[in-house]
Amino acid sequence: MTNKIEKKDFEIKIDNKSAVPIYEQIKRGIKLLIVSGYLKNGDSILSIRELAAKLKVNPNTIIKVYYQLESEGYIFSKPGSSYIVKTNEDKVKKEKYGFFKKETDDYIAKIVSMGYSPMEAINEIKKKINKGGIKNDKD
């Protein structure tokens with residue numbers, strides 16, 4: 001029985017006006033795809049050239065991203081083939097919480113800078129949930 005690995009195609013949004021470097025945006029996007037479960041252990045991802053062409057960035061940018069992801073243990077290179085997702089459940093849980101915490105911190109900072117209180121944000125979120133605008137899978 002052969003285990004055929006297919007290349008996963010995915011979308012990553014790049015904001016050229018952001019202060020965050022493009023390679024960091026791409027790296028964060030790929031990590032998010034891994035921790036969200038879209039990219040799974042053993043999935044083959046786009047080659048350096050394919051991803052560079054898709055995102056319209058220099059291949060050296062993707063080389064830097066893949067090198068960092070590999071050194072952080074999220075992917076590994078299969079010589080002559082492609083890059084493969086390598087997940088560690090504990091690392092994924094920790095990273096997933098890190099994404100959640102950062103998004104929450106950014107959201108709170110944004111609403112406070114607009115003059116709203118965190119409690120107003122909580123109340124607005126509760127209203128959304130009660131109206132069915134947000135699904136809570138844990139309920």
# chains A, B, ... in the order shown; residues from 1 in each chain; ligands from 1
>>> closest_atom_pairs(of="range 17-57 of chain A", to="range 89-111 of chain A", cutoff="9 Å", atoms="only C-alpha atoms", output="tab-separated table")
residue	atom	partner	partner_atom	distance
A:Lys31	CA	A:Glu95	CA	8.2
A:Leu32	CA	A:Lys96	CA	7.6
A:Ile34	CA	A:Val92	CA	7.6
A:Val35	CA	A:Val92	CA	5.3
A:Ser36	CA	A:Lys96	CA	7.3
>>> select_by_dssp(residues="chain A", states="strand (DSSP E or B)", output="PyMOL selection string")
chain A and resi 7-8+44-45+75-78+82-85
>>> atom_distance(atom1="CA of Ile14 in chain A", atom2="CA of Ile26 in chain A")
7.2 Å
>>> residues_around(residues="Ala52 in chain A", least_positions_apart="3", cutoff="12 Å", atoms="only C-alpha atoms", output="JSON, numbers by chain")
{"A": [12, 22, 23, 26, 46, 47, 48, 49, 55, 56, 57, 58, 59, 60, 61, 62, 63, 64, 65, 66]}
>>> closest_residue(among="A:Leu51, A:Ile30, A:Ile129, A:Val112", to="Ser82 in chain A", atoms="only C-alpha atoms")
A:Leu51
>>> atom_distance(atom1="CA of Gly42 in chain A", atom2="CA of Asp9 in chain A")
14.1 Å
>>> select_by_dssp(residues="range 17-127 of chain A", states="helix (DSSP H, G or I)", output="ChimeraX atom specification")
/A:22-35,48-55,59-71,89-113,118-127
>>> decode(residues="range 43-79 of chain A", atoms="N, CA, C and O atoms", output="CSV table (one decimal), in the first residue's frame")
chain,number,residue,atom,x,y,z
A,43,ASP,N,1.5,16.3,5.0
A,43,ASP,CA,1.1,17.0,3.8
A,43,ASP,C,2.4,17.6,3.1
A,43,ASP,O,3.2,18.1,3.7
A,44,SER,N,2.4,17.5,1.8
A,44,SER,CA,3.4,18.1,1.0
A,44,SER,C,2.9,19.5,0.6
A,44,SER,O,1.8,19.6,0.1
A,45,ILE,N,3.7,20.5,0.8
A,45,ILE,CA,3.3,21.9,0.4
A,45,ILE,C,4.0,22.3,-0.8
A,45,ILE,O,4.9,21.7,-1.3
A,46,LEU,N,3.6,23.4,-1.3
A,46,LEU,CA,4.1,24.0,-2.6
A,46,LEU,C,5.6,24.1,-2.5
A,46,LEU,O,6.2,24.4,-1.5
A,47,SER,N,6.2,23.9,-3.7
A,47,SER,CA,7.7,24.1,-3.8
A,47,SER,C,8.0,25.6,-3.6
A,47,SER,O,7.1,26.5,-3.7
A,48,ILE,N,9.3,25.9,-3.4
A,48,ILE,CA,9.7,27.3,-3.3
A,48,ILE,C,9.3,28.1,-4.5
A,48,ILE,O,8.7,29.2,-4.3
A,49,ARG,N,9.6,27.6,-5.7
A,49,ARG,CA,9.2,28.3,-6.9
A,49,ARG,C,7.7,28.5,-7.1
A,49,ARG,O,7.2,29.5,-7.4
A,50,GLU,N,6.9,27.4,-6.8
A,50,GLU,CA,5.5,27.5,-6.9
A,50,GLU,C,4.9,28.5,-6.0
A,50,GLU,O,4.0,29.3,-6.4
A,51,LEU,N,5.3,28.5,-4.7
A,51,LEU,CA,4.8,29.5,-3.7
A,51,LEU,C,5.2,30.9,-4.1
A,51,LEU,O,4.4,31.8,-4.0
A,52,ALA,N,6.5,31.0,-4.5
A,52,ALA,CA,6.9,32.4,-4.8
A,52,ALA,C,6.1,32.9,-6.0
A,52,ALA,O,5.7,34.1,-6.0
A,53,ALA,N,5.9,32.1,-7.0
A,53,ALA,CA,5.1,32.5,-8.2
A,53,ALA,C,3.7,32.9,-7.8
A,53,ALA,O,3.1,33.9,-8.2
A,54,LYS,N,3.1,32.0,-6.9
A,54,LYS,CA,1.7,32.2,-6.5
A,54,LYS,C,1.5,33.5,-5.7
A,54,LYS,O,0.6,34.3,-5.9
A,55,LEU,N,2.5,33.8,-4.8
A,55,LEU,CA,2.4,35.0,-4.0
A,55,LEU,C,3.1,36.2,-4.6
A,55,LEU,O,3.0,37.3,-4.1
A,56,LYS,N,3.7,36.0,-5.8
A,56,LYS,CA,4.4,37.1,-6.5
A,56,LYS,C,5.5,37.7,-5.6
A,56,LYS,O,5.5,39.0,-5.5
A,57,VAL,N,6.3,36.9,-5.0
A,57,VAL,CA,7.5,37.3,-4.2
A,57,VAL,C,8.7,36.7,-4.8
A,57,VAL,O,8.7,35.7,-5.5
A,58,ASN,N,9.8,37.2,-4.4
A,58,ASN,CA,11.1,36.6,-4.8
A,58,ASN,C,11.3,35.2,-4.1
A,58,ASN,O,11.0,35.0,-3.0
A,59,PRO,N,11.8,34.3,-4.9
A,59,PRO,CA,12.0,32.9,-4.3
A,59,PRO,C,12.9,32.9,-3.1
A,59,PRO,O,12.7,32.1,-2.2
A,60,ASN,N,13.8,33.9,-3.0
A,60,ASN,CA,14.6,34.0,-1.8
A,60,ASN,C,13.8,34.2,-0.5
A,60,ASN,O,14.2,33.8,0.6
A,61,THR,N,12.7,34.9,-0.7
A,61,THR,CA,11.8,35.1,0.5
A,61,THR,C,11.2,33.8,0.9
A,61,THR,O,11.2,33.6,2.2
A,62,ILE,N,10.8,33.0,0.0
A,62,ILE,CA,10.2,31.7,0.4
A,62,ILE,C,11.3,30.8,1.0
A,62,ILE,O,11.1,30.0,1.9
A,63,ILE,N,12.5,30.8,0.4
A,63,ILE,CA,13.7,30.1,0.9
A,63,ILE,C,13.8,30.4,2.4
A,63,ILE,O,14.0,29.5,3.3
A,64,LYS,N,13.8,31.7,2.7
A,64,LYS,CA,14.0,32.2,4.1
A,64,LYS,C,12.8,31.6,5.0
A,64,LYS,O,13.1,31.1,6.1
A,65,VAL,N,11.6,31.7,4.5
A,65,VAL,CA,10.4,31.2,5.3
A,65,VAL,C,10.6,29.7,5.5
A,65,VAL,O,10.4,29.3,6.7
A,66,TYR,N,10.8,29.0,4.5
A,66,TYR,CA,10.9,27.5,4.6
A,66,TYR,C,12.1,27.1,5.5
A,66,TYR,O,12.0,26.2,6.3
A,67,TYR,N,13.2,27.8,5.4
A,67,TYR,CA,14.4,27.5,6.3
A,67,TYR,C,14.0,27.7,7.7
A,67,TYR,O,14.3,26.9,8.6
A,68,GLN,N,13.3,28.9,8.0
A,68,GLN,CA,12.9,29.2,9.4
A,68,GLN,C,11.9,28.1,9.9
A,68,GLN,O,12.0,27.7,11.1
A,69,LEU,N,10.9,27.8,9.1
A,69,LEU,CA,9.9,26.8,9.5
A,69,LEU,C,10.5,25.5,9.7
A,69,LEU,O,10.2,24.7,10.6
A,70,GLU,N,11.5,25.1,8.9
A,70,GLU,CA,12.2,23.9,9.1
A,70,GLU,C,13.0,23.9,10.4
A,70,GLU,O,13.0,22.9,11.2
A,71,SER,N,13.7,25.0,10.7
A,71,SER,CA,14.5,25.1,11.9
A,71,SER,C,13.7,25.1,13.1
A,71,SER,O,14.1,24.7,14.2
A,72,GLU,N,12.4,25.6,13.0
A,72,GLU,CA,11.5,25.6,14.1
A,72,GLU,C,10.7,24.3,14.2
A,72,GLU,O,9.9,24.1,15.2
A,73,GLY,N,10.9,23.3,13.3
A,73,GLY,CA,10.3,22.0,13.4
A,73,GLY,C,8.9,21.9,12.8
A,73,GLY,O,8.2,21.0,13.2
A,74,TYR,N,8.5,22.8,11.9
A,74,TYR,CA,7.2,22.7,11.4
A,74,TYR,C,7.1,22.0,10.0
A,74,TYR,O,6.1,21.5,9.6
A,75,ILE,N,8.2,22.0,9.3
A,75,ILE,CA,8.3,21.3,8.0
A,75,ILE,C,9.7,20.6,7.9
A,75,ILE,O,10.6,21.0,8.7
A,76,PHE,N,9.8,19.8,7.0
A,76,PHE,CA,11.2,19.2,6.6
A,76,PHE,C,11.2,19.1,5.1
A,76,PHE,O,10.2,18.9,4.4
A,77,SER,N,12.4,19.1,4.6
A,77,SER,CA,12.6,19.0,3.2
A,77,SER,C,12.9,17.5,2.8
A,77,SER,O,13.6,16.9,3.5
A,78,LYS,N,12.3,17.1,1.8
A,78,LYS,CA,12.5,15.8,1.3
A,78,LYS,C,13.3,16.0,0.0
A,78,LYS,O,12.8,16.4,-1.0
A,79,PRO,N,14.6,15.7,0.0
A,79,PRO,CA,15.5,16.0,-1.1
A,79,PRO,C,14.9,15.4,-2.4
A,79,PRO,O,14.5,14.3,-2.5
